[in-house]
Amino acid sequence: MTLRLTERRRRLAYAAATGVGAGSLVVWAYFWVNLVRGNLQGPDFVSFYSAARLYVLKGGSAVYDLALQKQFELQVIPQPPDRFVVLPYFHPPYYTLLIAPLAALSYRQAYYAMTAFNVLLAAALIVLLVRNSLSIHGRGAIVAAAMIAGFFPLFVTVLQGQSDLVVLVPLAAAYTAWAKGRHGWAGVFSALALAKPQLLLLIPVLFVARRAWRALAGFVGVVAALGLVSAVGFGLSAVVNYLGLVGAWAIGGKLPTSGQLVYTDTAAYSLRNILEAIPGAGKYVALIVLVLLLVLAALSLSWRPDKPRLDFAVAVAASLVLSPHQNVHDLALMVIPGFALADLALAGQLRSPRAAAVVLAIAYIAINMTLAINLWSAALGALLVAAYLTFERMSVKPDPIPLGELTWSGPRPRRVIVLPAYKAAKTLNEVVGDIPQGHADRILLVDDASADATVSVATALSLDVIRHQRNLGYGGNQKTCYSQALKMGADVVVMLHPDGQYDPAIIPNLCRVIENGEADIVLGSRWLGIDPAKAGMPWWKRIGNRFLTSAENRVLGLNLSEYHTGYRAYSRRFLEAIPFLENSNDFVFDTQVLIQAAAFRFRIGEVPAIGKYHEDASSISFSTSTVYGLKTLAALARYVSHRAGFTCRWLTPASDAGKQALAVGQVAHHS
């Protein structure tokens with residue numbers, strides 16, 4: 001019954017999506033027919049046609065002369081000078097060579113030819129994406145074709161005779177080549193998509209960040225070839241003039257004036273326009289903000305996720321929304337990020353496929369409703385897709401570090417129990433007595449410069465003892481514990497608080513999970529046992545624990561019941577792999593260890609544990625807990641920034657913790 005219901009819902013969703021796409025296509029076709037019945041004064045194509053005629057009649061040096069552009073456009077569509085707003089042409093010279101044959105036709109004939117060419121490109125785009133998808137086949141291919149065909153920016157591209165499809169098709173080819181690991185071809189096709197270079201700023205950055213040198217070589221080679229063709233066909237001065245126009249538009253948002261000629265694009269929607277609307281901000285402030293955001297996006301590409309399609313889609317979406325200038329028809333490039341999002345969601349390769357579907361639906365409607373609402377709906381739709389893609393990319397787990405087989409130093413795993421102690425004289429005897437007999441090969445106590453008789457009691461119990469000459473903190477104590485346990489030949493290390501807060505009886509359960517190969521780190525979770533409230537945990541600790549655990553699960557992509565337990569067991573290979581000596585010396589050490597486990601993709605297990613809250617059990621105060629909570633959030637933020645390219649030492653998987661002398665050797669001694 002459930003399967004039938006799911007299939008029925010899927011069919012309804014497919015039918016609704018197909019209907020929206022096909023219905024939109026019918027509406028756009030109606031608009032186009034009404035336009036071509038008139039005098040064709042509206043489309044931007046007039047600037048393309050005029051540029052083609054300029055090149056044929058006046059040569060390449062005249063193409064980027066704004067005054068001549070105005071003169072030729074008036075010849076194509078005469079109208080009163082006071083009503084005339086020039087549509088500047090500043091596409092690359094090689095694109096002018098591509099459209100130069102249109103000058104042999106009348107304006108209307110040339111517009112029809114460009115329309116037919118764009119329709120063919122749109123069909124090629126759909127076939128290219130669908131044939132190379134992971135999961136969109138059969139009915140899904142029909143839905144995708146309808147949605148793409150009915151996408152408003154694609155219609156605007158065809159209606160205006162714009163060049164976005166000339167960009168989009170080779171860019172889609174680059175996307176599919178990149179997804180298949182054919183990096184050289186990805187670079188070649190990306191360079192062929194540079195008819196609008198301001199929309200693809202992060203593509204070459206992606207190649208550099210991912211060290212895809214074949215892609216970069218292909219990209220640079222094709223760009224050099226296109227530059228050579230442009231210089232030969234136009235002359236070097238015309239190429240320099242073109243670069244000057246592009247720079248002036250990108251920086252100032254307005255082209256230079258020539259007599260009464262001033263161009264201001266009233267249809268611009270870009271993020272830069274939004275930033276300029278903020279009180280106190282100007283065009284240069286907006287440009288600086290965009291540059292900073294582009295730098296952050298570029299840095300984020302240096303992290304290596306395991307989904308190249310998502311990687312490329314993020315680069316396209318971020319380039320588009322962070323471009324210093326773009327128009328509604330430029331949003332046609334959102335076809336690639338949108339298609340990638342849908343494809344990965346259906347393939348089960350996204351963290352939140354349902355959320356991805358909602359984002360796509362909202363963005364599609366917002367962009368397609370631009371005429372009914374305003375241009376800002378298109379801007380918000382594009383930003384929503386870009387933001388969600390970034391979220392998904394940042395939630396992709398990094399490459400795991402290589403691990404050897406789980407082996408033991410002897411015929412069975414060697415277990416070492418470590419007790420990070422501070423003023424534990426009153427409870428130590430009971431805790432050690434409750435450790436199940438035969439389940440500990442060595443018991444190590446590290447005393448953090450206690451003022452009581454902790455060391456004396458531990459010595460009387462025949463424990464291995466290390467005493468710090470000065471207090472190093474909870475994290476500093478654990479560094480000594482784990483370093484020495486590795487030196488003792490431990491295969492499994494169990495951390496047990498000597499204050500009696502945790503029941504030693506579950507030590508066999510903790511060790512068993514590791515020894516069976518089920519996990520490399522095991523937590524004794526108080527939320528899997530008796531209700532912590534009934535066990536006596538203060539209410540403010542419960543609230544803080546739940547909030548922080550939820551935040552950590554969200555950021556790290558895990559589903560643990562608790563992060564803030566001090567009852568843990570580790571495998572030897574885990575402690576040898578993580579750089580725990582780089583961690584903090586205070587309580588946030590435990591949080592950093594779990595972040596390291598998630599970052600390096602170690603398996604984490606949990607077993608039920610019961611916490612005890614009594615007078616002699618150590619407990620941090622409300623104020624200390626608050627500071628700990630803030631440090632935990634800071635550690636999560638550091639993890640996110642590390643994955644965005646800002647390298648963090650304690651998240652770099654290179655540790656010789658078990659091969660060096662104790663880091664605390666100068667402040668500790670054995671007893």
# chains A, B, ... in the order shown; residues from 1 in each chain; ligands from 1

call {"tool": "residues_around", "arguments": {"residues": "Tyr474 of chain A", "least_positions_apart": "4", "cutoff": "8 Å", "atoms": "only C-alpha atoms", "output": "compact mmCIF listing (two decimals) with C-alpha atoms, in the first residue's frame"}}
result
# COMPACT_ATOMS: atom_id res chain seq x y z
CA PRO A 420 42.03 11.75 33.61
CA GLN A 478 43.78 13.56 27.91
CA ASN A 585 43.69 21.88 26.58
CA ASP A 586 40.24 22.59 28.01
CA PHE A 587 36.84 20.87 27.90
CA PHE A 589 38.92 18.86 23.52

call {"tool": "select_by_dssp", "arguments": {"residues": "segment 346-568 of chain A", "states": "alpha helix (DSSP H)", "output": "number ranges by chain"}}
result
A: 346, 353-368, 375-394, 425-433, 454-460, 473-487, 507-515, 532-535, 539-556

call {"tool": "closest_residue", "arguments": {"among": "A:Ala361, A:Thr454, A:Asp520, A:Tyr49", "to": "Gln109 of chain A", "atoms": "only C-alpha atoms"}}
result
A:Tyr49

call {"tool": "residues_around", "arguments": {"residues": "Leu216 of chain A", "least_positions_apart": "3", "cutoff": "10 Å", "atoms": "only C-alpha atoms", "output": "VMD selection string"}}
result
chain A and resid 183 to 188 190 to 191 203 to 208 211 to 213 219 to 222

call {"tool": "write_last_selection", "arguments": {"atoms": "C-alpha atoms", "output": "PDB file, in the first residue's frame"}}
result
ATOM      1  CA  HIS A 183      39.048  17.126 -17.440  1.00  0.00           C
ATOM      2  CA  GLY A 184      40.816  18.098 -20.645  1.00  0.00           C
ATOM      3  CA  TRP A 185      37.547  18.274 -22.564  1.00  0.00           C
ATOM      4  CA  ALA A 186      35.910  20.090 -19.651  1.00  0.00           C
ATOM      5  CA  GLY A 187      38.514  22.840 -20.026  1.00  0.00           C
ATOM      6  CA  VAL A 188      38.089  23.023 -23.804  1.00  0.00           C
ATOM      7  CA  SER A 190      34.399  25.805 -20.811  1.00  0.00           C
ATOM      8  CA  ALA A 191      36.571  28.108 -22.891  1.00  0.00           C
ATOM      9  CA  ILE A 203      35.169  27.956 -13.752  1.00  0.00           C
ATOM     10  CA  PRO A 204      38.933  28.387 -14.269  1.00  0.00           C
ATOM     11  CA  VAL A 205      39.277  28.853 -10.508  1.00  0.00           C
ATOM     12  CA  LEU A 206      37.639  25.442 -10.047  1.00  0.00           C
ATOM     13  CA  PHE A 207      40.251  23.879 -12.303  1.00  0.00           C
ATOM     14  CA  VAL A 208      43.099  25.458 -10.339  1.00  0.00           C
ATOM     15  CA  ARG A 211      44.465  20.820  -9.478  1.00  0.00           C
ATOM     16  CA  ALA A 212      42.849  19.699 -12.712  1.00  0.00           C
ATOM     17  CA  TRP A 213      45.811  20.739 -14.835  1.00  0.00           C
ATOM     18  CA  PHE A 219      40.948  26.106 -21.109  1.00  0.00           C
ATOM     19  CA  VAL A 220      44.037  28.282 -21.579  1.00  0.00           C
ATOM     20  CA  GLY A 221      44.793  26.760 -24.959  1.00  0.00           C
ATOM     21  CA  VAL A 222      41.337  27.475 -26.369  1.00  0.00           C
TER      22      VAL A 222
END

call {"tool": "residues_around", "arguments": {"residues": "Thr115 of chain A", "least_positions_apart": "2", "cutoff": "10 Å", "atoms": "only C-alpha atoms", "output": "VMD selection string"}}
result
chain A and resid 45 109 to 113 117 to 121 157 to 162

call {"tool": "residues_around", "arguments": {"residues": "Ala449 of chain A", "least_positions_apart": "3", "cutoff": "10 Å", "atoms": "only C-alpha atoms", "output": "NGL selection string"}}
result
:A and (421-423 or 446 or 452 or 454-455 or 466-473 or 477 or 667-668)

call {"tool": "write_last_selection", "arguments": {"atoms": "C-alpha atoms", "output": "CSV table (one decimal), in the first residue's frame"}}
result
chain,number,residue,atom,x,y,z
A,421,ALA,CA,42.0,12.8,37.3
A,422,TYR,CA,41.7,16.0,39.2
A,423,LYS,CA,41.0,15.8,43.0
A,446,VAL,CA,47.0,10.9,35.0
A,452,ASP,CA,44.5,16.1,47.4
A,454,THR,CA,44.7,11.3,44.4
A,455,VAL,CA,48.2,10.1,43.5
A,466,ILE,CA,51.6,10.1,35.8
A,467,ARG,CA,51.4,13.3,37.7
A,468,HIS,CA,51.5,16.7,36.1
A,469,GLN,CA,53.7,19.2,37.9
A,470,ARG,CA,51.2,21.9,36.9
A,471,ASN,CA,47.6,21.9,35.9
A,472,LEU,CA,47.2,21.5,32.1
A,473,GLY,CA,43.4,21.3,31.9
A,477,ASN,CA,45.3,15.7,30.7
A,667,VAL,CA,55.8,19.0,33.2
A,668,ALA,CA,54.9,15.5,34.2

call {"tool": "atom_distance", "arguments": {"atom1": "atom CA of Val130 of chain A", "atom2": "atom CA of Gly21 of chain A"}}
result
15.8 Å

call {"tool": "atom_distance", "arguments": {"atom1": "atom CA of Ser561 of chain A", "atom2": "atom CA of Trp527 of chain A"}}
result
6.2 Å

call {"tool": "residues_around", "arguments": {"residues": "Val335 of chain A", "least_positions_apart": "5", "cutoff": "12 Å", "atoms": "only C-alpha atoms", "output": "CSV table (one decimal) with N, CA and C atoms, in the first residue's frame"}}
result
chain,number,residue,atom,x,y,z
A,122,ALA,N,18.7,24.9,-27.9
A,122,ALA,CA,17.9,24.5,-26.7
A,122,ALA,C,17.6,23.0,-26.7
A,125,LEU,N,20.8,21.2,-25.9
A,125,LEU,CA,21.0,21.3,-24.5
A,125,LEU,C,20.3,20.2,-23.7
A,126,ILE,N,19.0,20.1,-24.0
A,126,ILE,CA,18.1,19.1,-23.3
A,126,ILE,C,18.7,17.7,-23.5
A,129,LEU,N,22.1,17.1,-21.6
A,129,LEU,CA,21.9,16.9,-20.2
A,129,LEU,C,21.2,15.6,-19.8
A,130,VAL,N,20.2,15.3,-20.5
A,130,VAL,CA,19.4,14.1,-20.2
A,130,VAL,C,20.2,12.8,-20.5
A,144,ALA,N,11.9,16.7,-17.4
A,144,ALA,CA,13.1,17.6,-17.5
A,144,ALA,C,13.0,18.5,-18.8
A,145,ALA,N,12.7,17.8,-19.9
A,145,ALA,CA,12.6,18.5,-21.2
A,145,ALA,C,11.5,19.6,-21.1
A,147,MET,N,10.3,21.1,-18.4
A,147,MET,CA,10.7,22.2,-17.4
A,147,MET,C,11.8,23.1,-18.0
A,148,ILE,N,12.7,22.5,-18.7
A,148,ILE,CA,13.8,23.3,-19.4
A,148,ILE,C,13.2,24.2,-20.5
A,149,ALA,N,12.4,23.6,-21.3
A,149,ALA,CA,11.8,24.3,-22.5
A,149,ALA,C,10.9,25.5,-22.0
A,150,GLY,N,10.2,25.3,-20.8
A,150,GLY,CA,9.4,26.3,-20.3
A,150,GLY,C,10.0,27.3,-19.3
A,151,PHE,N,11.4,27.2,-19.2
A,151,PHE,CA,12.1,28.1,-18.3
A,151,PHE,C,12.1,29.5,-18.8
A,152,PHE,N,11.7,30.5,-18.1
A,152,PHE,CA,11.5,31.8,-18.5
A,152,PHE,C,12.8,32.5,-19.1
A,153,PRO,N,13.9,32.4,-18.4
A,153,PRO,CA,15.2,33.0,-19.0
A,153,PRO,C,15.6,32.4,-20.3
A,154,LEU,N,15.3,31.1,-20.5
A,154,LEU,CA,15.6,30.5,-21.8
A,154,LEU,C,14.7,31.1,-22.9
A,164,ASP,N,23.0,33.6,-24.8
A,164,ASP,CA,23.2,32.7,-23.6
A,164,ASP,C,23.2,31.3,-24.0
A,165,LEU,N,22.4,30.9,-25.0
A,165,LEU,CA,22.4,29.5,-25.4
A,165,LEU,C,23.8,29.1,-26.0
A,167,VAL,N,26.5,30.1,-25.0
A,167,VAL,CA,27.3,29.9,-23.8
A,167,VAL,C,26.8,28.6,-23.1
A,168,LEU,N,25.6,28.3,-23.0
A,168,LEU,CA,25.0,27.3,-22.2
A,168,LEU,C,25.3,25.9,-22.8
A,169,VAL,N,25.3,25.7,-24.1
A,169,VAL,CA,25.5,24.4,-24.6
A,169,VAL,C,26.9,23.9,-24.4
A,171,LEU,N,28.9,24.9,-22.2
A,171,LEU,CA,29.0,24.8,-20.7
A,171,LEU,C,28.4,23.5,-20.2
A,172,ALA,N,27.3,23.1,-20.8
A,172,ALA,CA,26.7,21.8,-20.4
A,172,ALA,C,27.6,20.6,-20.8
A,175,TYR,N,30.3,20.5,-18.3
A,175,TYR,CA,29.7,19.9,-17.0
A,175,TYR,C,29.7,18.3,-17.1
A,313,ALA,N,28.4,22.4,-10.5
A,313,ALA,CA,27.2,23.2,-10.4
A,313,ALA,C,27.3,24.4,-9.5
A,316,VAL,N,29.2,27.2,-11.3
A,316,VAL,CA,28.4,27.9,-12.2
A,316,VAL,C,27.4,28.8,-11.5
A,317,ALA,N,26.7,28.3,-10.5
A,317,ALA,CA,25.7,29.1,-9.8
A,317,ALA,C,26.4,30.3,-9.1
A,320,LEU,N,27.4,32.9,-11.5
A,320,LEU,CA,26.3,33.7,-12.0
A,320,LEU,C,25.8,34.7,-11.0
A,329,HIS,N,17.8,37.1,-18.9
A,329,HIS,CA,18.1,36.1,-19.8
A,329,HIS,C,19.4,35.3,-19.5
A,330,ASP,N,20.3,36.0,-18.7
A,330,ASP,CA,21.5,35.3,-18.3
A,330,ASP,C,21.2,34.2,-17.3
A,340,ALA,N,21.5,19.7,-12.3
A,340,ALA,CA,22.4,18.9,-11.4
A,340,ALA,C,21.7,18.6,-10.1
A,341,LEU,N,21.0,19.6,-9.5
A,341,LEU,CA,20.4,19.5,-8.2
A,341,LEU,C,19.3,18.4,-8.3
A,342,ALA,N,18.5,18.5,-9.3
A,342,ALA,CA,17.4,17.5,-9.5
A,342,ALA,C,18.0,16.1,-9.8
A,343,ASP,N,19.0,16.0,-10.6
A,343,ASP,CA,19.7,14.7,-10.9
A,343,ASP,C,20.3,14.1,-9.7
A,360,LEU,N,14.0,23.8,-5.6
A,360,LEU,CA,13.9,23.9,-7.1
A,360,LEU,C,12.5,24.4,-7.5
A,363,ALA,N,12.3,28.2,-6.6
A,363,ALA,CA,13.1,29.0,-7.5
A,363,ALA,C,12.5,29.0,-8.9
A,364,TYR,N,12.0,27.9,-9.4
A,364,TYR,CA,11.5,27.9,-10.8
A,364,TYR,C,10.3,28.8,-10.9
A,367,ILE,N,11.4,32.5,-10.6
A,367,ILE,CA,12.0,33.0,-11.9
A,367,ILE,C,11.0,33.1,-13.0
A,382,ALA,N,17.4,32.7,-8.1
A,382,ALA,CA,18.8,32.3,-8.4
A,382,ALA,C,19.6,32.2,-7.2
A,385,VAL,N,18.8,28.9,-5.2
A,385,VAL,CA,19.4,27.7,-5.8
A,385,VAL,C,20.9,27.7,-5.5
A,386,ALA,N,21.6,28.9,-5.6
A,386,ALA,CA,23.0,28.9,-5.4
A,386,ALA,C,23.3,28.7,-3.9

call {"tool": "atom_distance", "arguments": {"atom1": "atom CA of Tyr95 of chain A", "atom2": "atom CA of Tyr242 of chain A"}}
result
12.1 Å

call {"tool": "residues_around", "arguments": {"residues": "segment 63-77 of chain A", "least_positions_apart": "4", "cutoff": "6 Å", "atoms": "only C-alpha atoms", "output": "mmCIF file with N, CA and C atoms, in the first residue's frame"}}
result
data_model
loop_
_atom_site.group_PDB
_atom_site.id
_atom_site.type_symbol
_atom_site.label_atom_id
_atom_site.label_comp_id
_atom_site.auth_asym_id
_atom_site.auth_seq_id
_atom_site.Cartn_x
_atom_site.Cartn_y
_atom_site.Cartn_z
ATOM 1 N N SER A 50 23.407 44.871 -35.669
ATOM 2 C CA SER A 50 24.163 46.082 -35.996
ATOM 3 C C SER A 50 25.659 45.823 -35.904
ATOM 4 N N ALA A 51 26.100 45.056 -34.910
ATOM 5 C CA ALA A 51 27.515 44.740 -34.779
ATOM 6 C C ALA A 51 28.001 43.920 -35.966
ATOM 7 N N LEU A 54 28.297 46.309 -38.808
ATOM 8 C CA LEU A 54 29.461 47.170 -38.573
ATOM 9 C C LEU A 54 30.746 46.449 -38.970
ATOM 10 N N TYR A 55 30.858 45.213 -38.584
ATOM 11 C CA TYR A 55 32.074 44.465 -38.877
ATOM 12 C C TYR A 55 32.252 44.285 -40.388
ATOM 13 N N VAL A 86 20.427 53.240 -26.552
ATOM 14 C CA VAL A 86 21.274 52.320 -27.288
ATOM 15 C C VAL A 86 21.460 51.041 -26.483
#
